[in-house]
Amino acid sequence: MASPTPPIPVEILDATTVNIHGEPIAVPPGVDPGQAVMSYLQLEAANVGHPISACIDDRRYGITATLTINPDGTASAGTPANAPAPQQALEPTPARTTEHPLEAVQCLAAQGHLGAAIDHADRYLLQLSTDPALGPEHPDTLEAAETRAHLAWLLRDFPYAYRTWSWIAAAWHDRVGPCPRNNHAHDHNQCRHTMVTTRNAAAAWWQLPVAEGAATGQNVLNLLERNSGVPNTRAAQDIRTRLRELTAQKA
């Protein structure tokens, strides 16, 4: 009998740093990271159409817990008894004999050299975008763009981060299409790229100046609904409320 799908790894490092599936997600200021995690997991469960489990390592308090999240948004302790079997094991990443360009970017950023990291990322992104064999919507290009968007977030360049994550999220959706929630044979790994970048675009939108936030509010709502396939999510409701506030301030 096949073993159940392993729990999704979730790390809460501090009030603004959360990793899910080994990838960072943006936590808007003023939002508890635990709430951001649950919103993400509820959306993922709704997208795949069956219960999922998550192993949450909250480094703030030294607490580890395993939760089941159902497609209707409810959650309980432990793993789901009817979790589907994994469809395909991920291939191990081969060892690189030379440093990958994004590794150099990440190393510079970790050392605090954000300007140099951005220069490297921009050159690499331009190289990939203009390569006839790749182009702007190739997965390698989108991966480089995600790194560039994270650098913009670190520098609080939220307009750049919003525009870049919005473009990446739309590109991933165009590339892989809507996520078939009830198709257990589907490889949902690529769908996660759409979900993560959509959520990051929404988080960056919250940080935009009043005029730009009011002007782009409907765009981010359209992106959320199109990419999630779920109308009127809690995230969309919150954005509508904020958009009304921004529109009133702008007036």
# chains A, B, ... in the order shown; residues from 1 in each chain; ligands from 1
$ residues_around --residues "Ala54 of chain A" --least-positions-apart "6" --cutoff "12 Å" --atoms "only C-alpha atoms" --output "ChimeraX atom specification"
/A:5-11,20-21,37-38,40-42,44-45,64-70,75-80,83
$ residues_around --residues "segment 204-208 of chain A" --least-positions-apart "3" --cutoff "12 Å" --atoms "only C-alpha atoms" --output "number ranges by chain"
A: 25-31, 149-150, 152-154, 156-166, 197-201, 211-221, 223-224, 235-236, 238-243, 245-246
$ closest_residue --among "A:His138, A:His100, A:Arg60, A:His50" --to "Asp14 of chain A" --atoms "only C-alpha atoms"
A:Arg60
$ atom_distance --atom1 "atom CA of Gly22 of chain A" --atom2 "atom CA of Gly62 of chain A"
18.6 Å
$ atom_distance --atom1 "atom CA of Arg175 of chain A" --atom2 "atom CA of Thr194 of chain A"
9.6 Å
$ residues_around --residues "Leu43 of chain A" --least-positions-apart "3" --cutoff "9 Å" --atoms "only C-alpha atoms" --output "ChimeraX atom specification"
/A:38-40,46-48,71,73,195,228,230,233
$ write_last_selection --atoms "C-alpha atoms" --output "PDB file, in the first residue's frame"
ATOM      1  CA  MET A  38      -3.191  29.179   7.289  1.00  0.00           C
ATOM      2  CA  SER A  39      -4.479  31.351   4.437  1.00  0.00           C
ATOM      3  CA  TYR A  40      -1.883  29.838   2.105  1.00  0.00           C
ATOM      4  CA  ALA A  46      -9.101  24.276  -1.967  1.00  0.00           C
ATOM      5  CA  ASN A  47      -7.045  24.127  -5.151  1.00  0.00           C
ATOM      6  CA  VAL A  48      -6.213  20.406  -4.949  1.00  0.00           C
ATOM      7  CA  PRO A  71     -10.761  22.019   1.170  1.00  0.00           C
ATOM      8  CA  GLY A  73     -10.905  25.712   5.123  1.00  0.00           C
ATOM      9  CA  MET A 195      -0.061  30.241  -6.029  1.00  0.00           C
ATOM     10  CA  SER A 228      -6.986  30.706  -7.641  1.00  0.00           C
ATOM     11  CA  VAL A 230     -12.012  30.545  -6.199  1.00  0.00           C
ATOM     12  CA  THR A 233     -11.767  34.468  -1.103  1.00  0.00           C
TER      13      THR A 233
END
$ select_by_dssp --residues "segment 108-181 of chain A" --states "alpha helix (DSSP H)" --output "ChimeraX atom specification"
/A:108-110,114-130,139-154,158-176
$ closest_residue --among "A:Cys55, A:Ala145, A:Leu108, A:Ala36" --to "Ala203 of chain A" --atoms "only C-alpha atoms"
A:Ala36
$ atom_distance --atom1 "atom CA of Asp122 of chain A" --atom2 "atom CA of Ala110 of chain A"
17.1 Å
$ residues_around --residues "Cys107 of chain A" --least-positions-apart "4" --cutoff "12 Å" --atoms "only C-alpha atoms" --output "ChimeraX atom specification"
/A:99-103,111-114,116-118,120-121,147
$ write_last_selection --atoms "all heavy atoms" --output "short mmCIF file (atom, residue, chain, number, x, y, z; two decimals), in the first residue's frame"
data_model
loop_
_atom_site.label_atom_id
_atom_site.label_comp_id
_atom_site.auth_asym_id
_atom_site.auth_seq_id
_atom_site.Cartn_x
_atom_site.Cartn_y
_atom_site.Cartn_z
N GLU A 99 29.31 27.67 -10.11
CA GLU A 99 28.26 28.39 -9.38
C GLU A 99 27.19 28.88 -10.35
O GLU A 99 27.48 29.49 -11.37
CB GLU A 99 28.88 29.57 -8.63
CG GLU A 99 27.89 30.28 -7.73
CD GLU A 99 28.55 31.40 -6.95
OE1 GLU A 99 29.31 32.18 -7.57
OE2 GLU A 99 28.31 31.49 -5.74
N HIS A 100 25.95 28.61 -10.01
CA HIS A 100 24.83 29.09 -10.81
C HIS A 100 24.69 30.60 -10.60
O HIS A 100 24.94 31.11 -9.51
CB HIS A 100 23.55 28.37 -10.36
CG HIS A 100 22.38 28.61 -11.24
ND1 HIS A 100 21.60 29.73 -11.15
CD2 HIS A 100 21.87 27.87 -12.25
CE1 HIS A 100 20.63 29.68 -12.04
NE2 HIS A 100 20.78 28.55 -12.73
N PRO A 101 24.29 31.34 -11.64
CA PRO A 101 24.16 32.80 -11.48
C PRO A 101 23.28 33.22 -10.31
O PRO A 101 23.58 34.20 -9.62
CB PRO A 101 23.57 33.24 -12.82
CG PRO A 101 24.06 32.22 -13.80
CD PRO A 101 24.09 30.93 -13.04
N LEU A 102 22.19 32.48 -10.07
CA LEU A 102 21.31 32.87 -8.96
C LEU A 102 21.95 32.58 -7.61
O LEU A 102 21.64 33.25 -6.62
CB LEU A 102 19.96 32.15 -9.08
CG LEU A 102 19.06 32.61 -10.22
CD1 LEU A 102 17.73 31.89 -10.16
CD2 LEU A 102 18.84 34.12 -10.18
N GLU A 103 22.83 31.59 -7.56
CA GLU A 103 23.56 31.34 -6.31
C GLU A 103 24.46 32.52 -5.99
O GLU A 103 24.60 32.92 -4.82
CB GLU A 103 24.37 30.05 -6.42
CG GLU A 103 23.53 28.79 -6.46
CD GLU A 103 24.38 27.55 -6.59
OE1 GLU A 103 25.60 27.68 -6.82
OE2 GLU A 103 23.83 26.44 -6.46
N GLN A 111 25.14 38.58 2.07
CA GLN A 111 26.23 39.35 2.64
C GLN A 111 25.87 40.84 2.79
O GLN A 111 26.70 41.63 3.24
CB GLN A 111 27.47 39.22 1.75
CG GLN A 111 28.05 37.81 1.72
CD GLN A 111 29.13 37.64 0.66
OE1 GLN A 111 29.39 38.56 -0.13
NE2 GLN A 111 29.76 36.48 0.63
N GLY A 112 24.64 41.18 2.40
CA GLY A 112 24.20 42.55 2.54
C GLY A 112 24.50 43.44 1.36
O GLY A 112 24.24 44.64 1.40
N HIS A 113 25.03 42.87 0.26
CA HIS A 113 25.36 43.66 -0.93
C HIS A 113 24.17 43.64 -1.89
O HIS A 113 24.23 43.06 -2.98
CB HIS A 113 26.61 43.10 -1.60
CG HIS A 113 27.80 42.99 -0.69
ND1 HIS A 113 28.27 44.07 0.04
CD2 HIS A 113 28.61 41.95 -0.39
CE1 HIS A 113 29.32 43.69 0.75
NE2 HIS A 113 29.54 42.40 0.52
N LEU A 114 23.08 44.29 -1.49
CA LEU A 114 21.85 44.21 -2.27
C LEU A 114 21.99 44.89 -3.64
O LEU A 114 21.43 44.43 -4.63
CB LEU A 114 20.69 44.82 -1.49
CG LEU A 114 20.28 44.06 -0.21
CD1 LEU A 114 19.08 44.73 0.44
CD2 LEU A 114 19.95 42.61 -0.54
N ALA A 116 24.70 45.15 -5.55
CA ALA A 116 25.43 44.25 -6.44
C ALA A 116 24.57 43.04 -6.81
O ALA A 116 24.61 42.56 -7.95
CB ALA A 116 26.73 43.79 -5.78
N ALA A 117 23.78 42.56 -5.85
CA ALA A 117 22.90 41.42 -6.12
C ALA A 117 21.87 41.78 -7.20
O ALA A 117 21.60 40.99 -8.10
CB ALA A 117 22.20 40.97 -4.84
N ILE A 118 21.33 42.99 -7.11
CA ILE A 118 20.35 43.44 -8.10
C ILE A 118 20.99 43.57 -9.48
O ILE A 118 20.41 43.18 -10.49
CB ILE A 118 19.70 44.75 -7.65
CG1 ILE A 118 18.71 44.47 -6.51
CG2 ILE A 118 18.99 45.45 -8.81
CD1 ILE A 118 18.11 45.71 -5.90
N HIS A 120 23.55 41.90 -10.66
CA HIS A 120 23.75 40.54 -11.18
C HIS A 120 22.43 39.95 -11.65
O HIS A 120 22.36 39.33 -12.72
CB HIS A 120 24.36 39.65 -10.10
CG HIS A 120 25.85 39.76 -9.98
ND1 HIS A 120 26.48 40.92 -9.59
CD2 HIS A 120 26.84 38.85 -10.20
CE1 HIS A 120 27.79 40.73 -9.57
NE2 HIS A 120 28.03 39.48 -9.94
N ALA A 121 21.38 40.12 -10.84
CA ALA A 121 20.07 39.55 -11.18
C ALA A 121 19.51 40.18 -12.45
O ALA A 121 18.95 39.48 -13.31
CB ALA A 121 19.10 39.75 -10.02
N THR A 147 13.55 35.80 -7.99
CA THR A 147 14.67 36.26 -7.15
C THR A 147 14.76 37.78 -7.18
O THR A 147 14.96 38.42 -6.15
CB THR A 147 15.99 35.64 -7.65
OG1 THR A 147 15.91 34.21 -7.53
CG2 THR A 147 17.17 36.14 -6.83
#
$ residues_around --residues "segment 33-35 of chain A" --least-positions-apart "5" --cutoff "8 Å" --atoms "only C-alpha atoms" --output "short mmCIF file (atom, residue, chain, number, x, y, z; two decimals) with all heavy atoms, in the first residue's frame"
data_model
loop_
_atom_site.label_atom_id
_atom_site.label_comp_id
_atom_site.auth_asym_id
_atom_site.auth_seq_id
_atom_site.Cartn_x
_atom_site.Cartn_y
_atom_site.Cartn_z
N ILE A 12 8.13 28.89 10.32
CA ILE A 12 7.88 30.27 10.72
C ILE A 12 9.11 30.72 11.50
O ILE A 12 9.33 30.29 12.63
CB ILE A 12 6.61 30.40 11.58
CG1 ILE A 12 5.40 29.85 10.83
CG2 ILE A 12 6.37 31.86 11.97
CD1 ILE A 12 4.12 29.86 11.64
N ASP A 14 10.26 34.12 11.96
CA ASP A 14 10.01 35.30 12.80
C ASP A 14 8.72 35.96 12.30
O ASP A 14 7.97 35.35 11.54
CB ASP A 14 11.20 36.28 12.77
CG ASP A 14 11.60 36.69 11.37
OD1 ASP A 14 10.68 36.91 10.54
OD2 ASP A 14 12.80 36.78 11.10
N ALA A 15 8.49 37.20 12.71
CA ALA A 15 7.22 37.86 12.41
C ALA A 15 7.02 38.15 10.93
O ALA A 15 5.90 38.42 10.50
CB ALA A 15 7.11 39.16 13.21
N THR A 16 8.09 38.11 10.13
CA THR A 16 7.96 38.45 8.71
C THR A 16 8.54 37.39 7.78
O THR A 16 8.47 37.56 6.56
CB THR A 16 8.67 39.79 8.40
OG1 THR A 16 10.06 39.68 8.74
CG2 THR A 16 8.04 40.93 9.19
N THR A 17 9.11 36.31 8.33
CA THR A 17 9.79 35.33 7.49
C THR A 17 9.14 33.96 7.63
O THR A 17 9.16 33.37 8.71
CB THR A 17 11.29 35.23 7.88
OG1 THR A 17 11.86 36.54 7.90
CG2 THR A 17 12.03 34.36 6.88
N VAL A 18 8.57 33.49 6.52
CA VAL A 18 7.89 32.19 6.50
C VAL A 18 8.33 31.45 5.24
O VAL A 18 8.38 32.04 4.15
CB VAL A 18 6.36 32.37 6.49
CG1 VAL A 18 5.67 31.03 6.24
CG2 VAL A 18 5.88 32.97 7.82
N VAL A 27 4.88 38.04 4.05
CA VAL A 27 3.92 38.26 5.12
C VAL A 27 3.69 39.77 5.23
O VAL A 27 4.61 40.51 5.59
CB VAL A 27 4.42 37.71 6.47
CG1 VAL A 27 3.41 37.97 7.57
CG2 VAL A 27 4.72 36.23 6.36
#
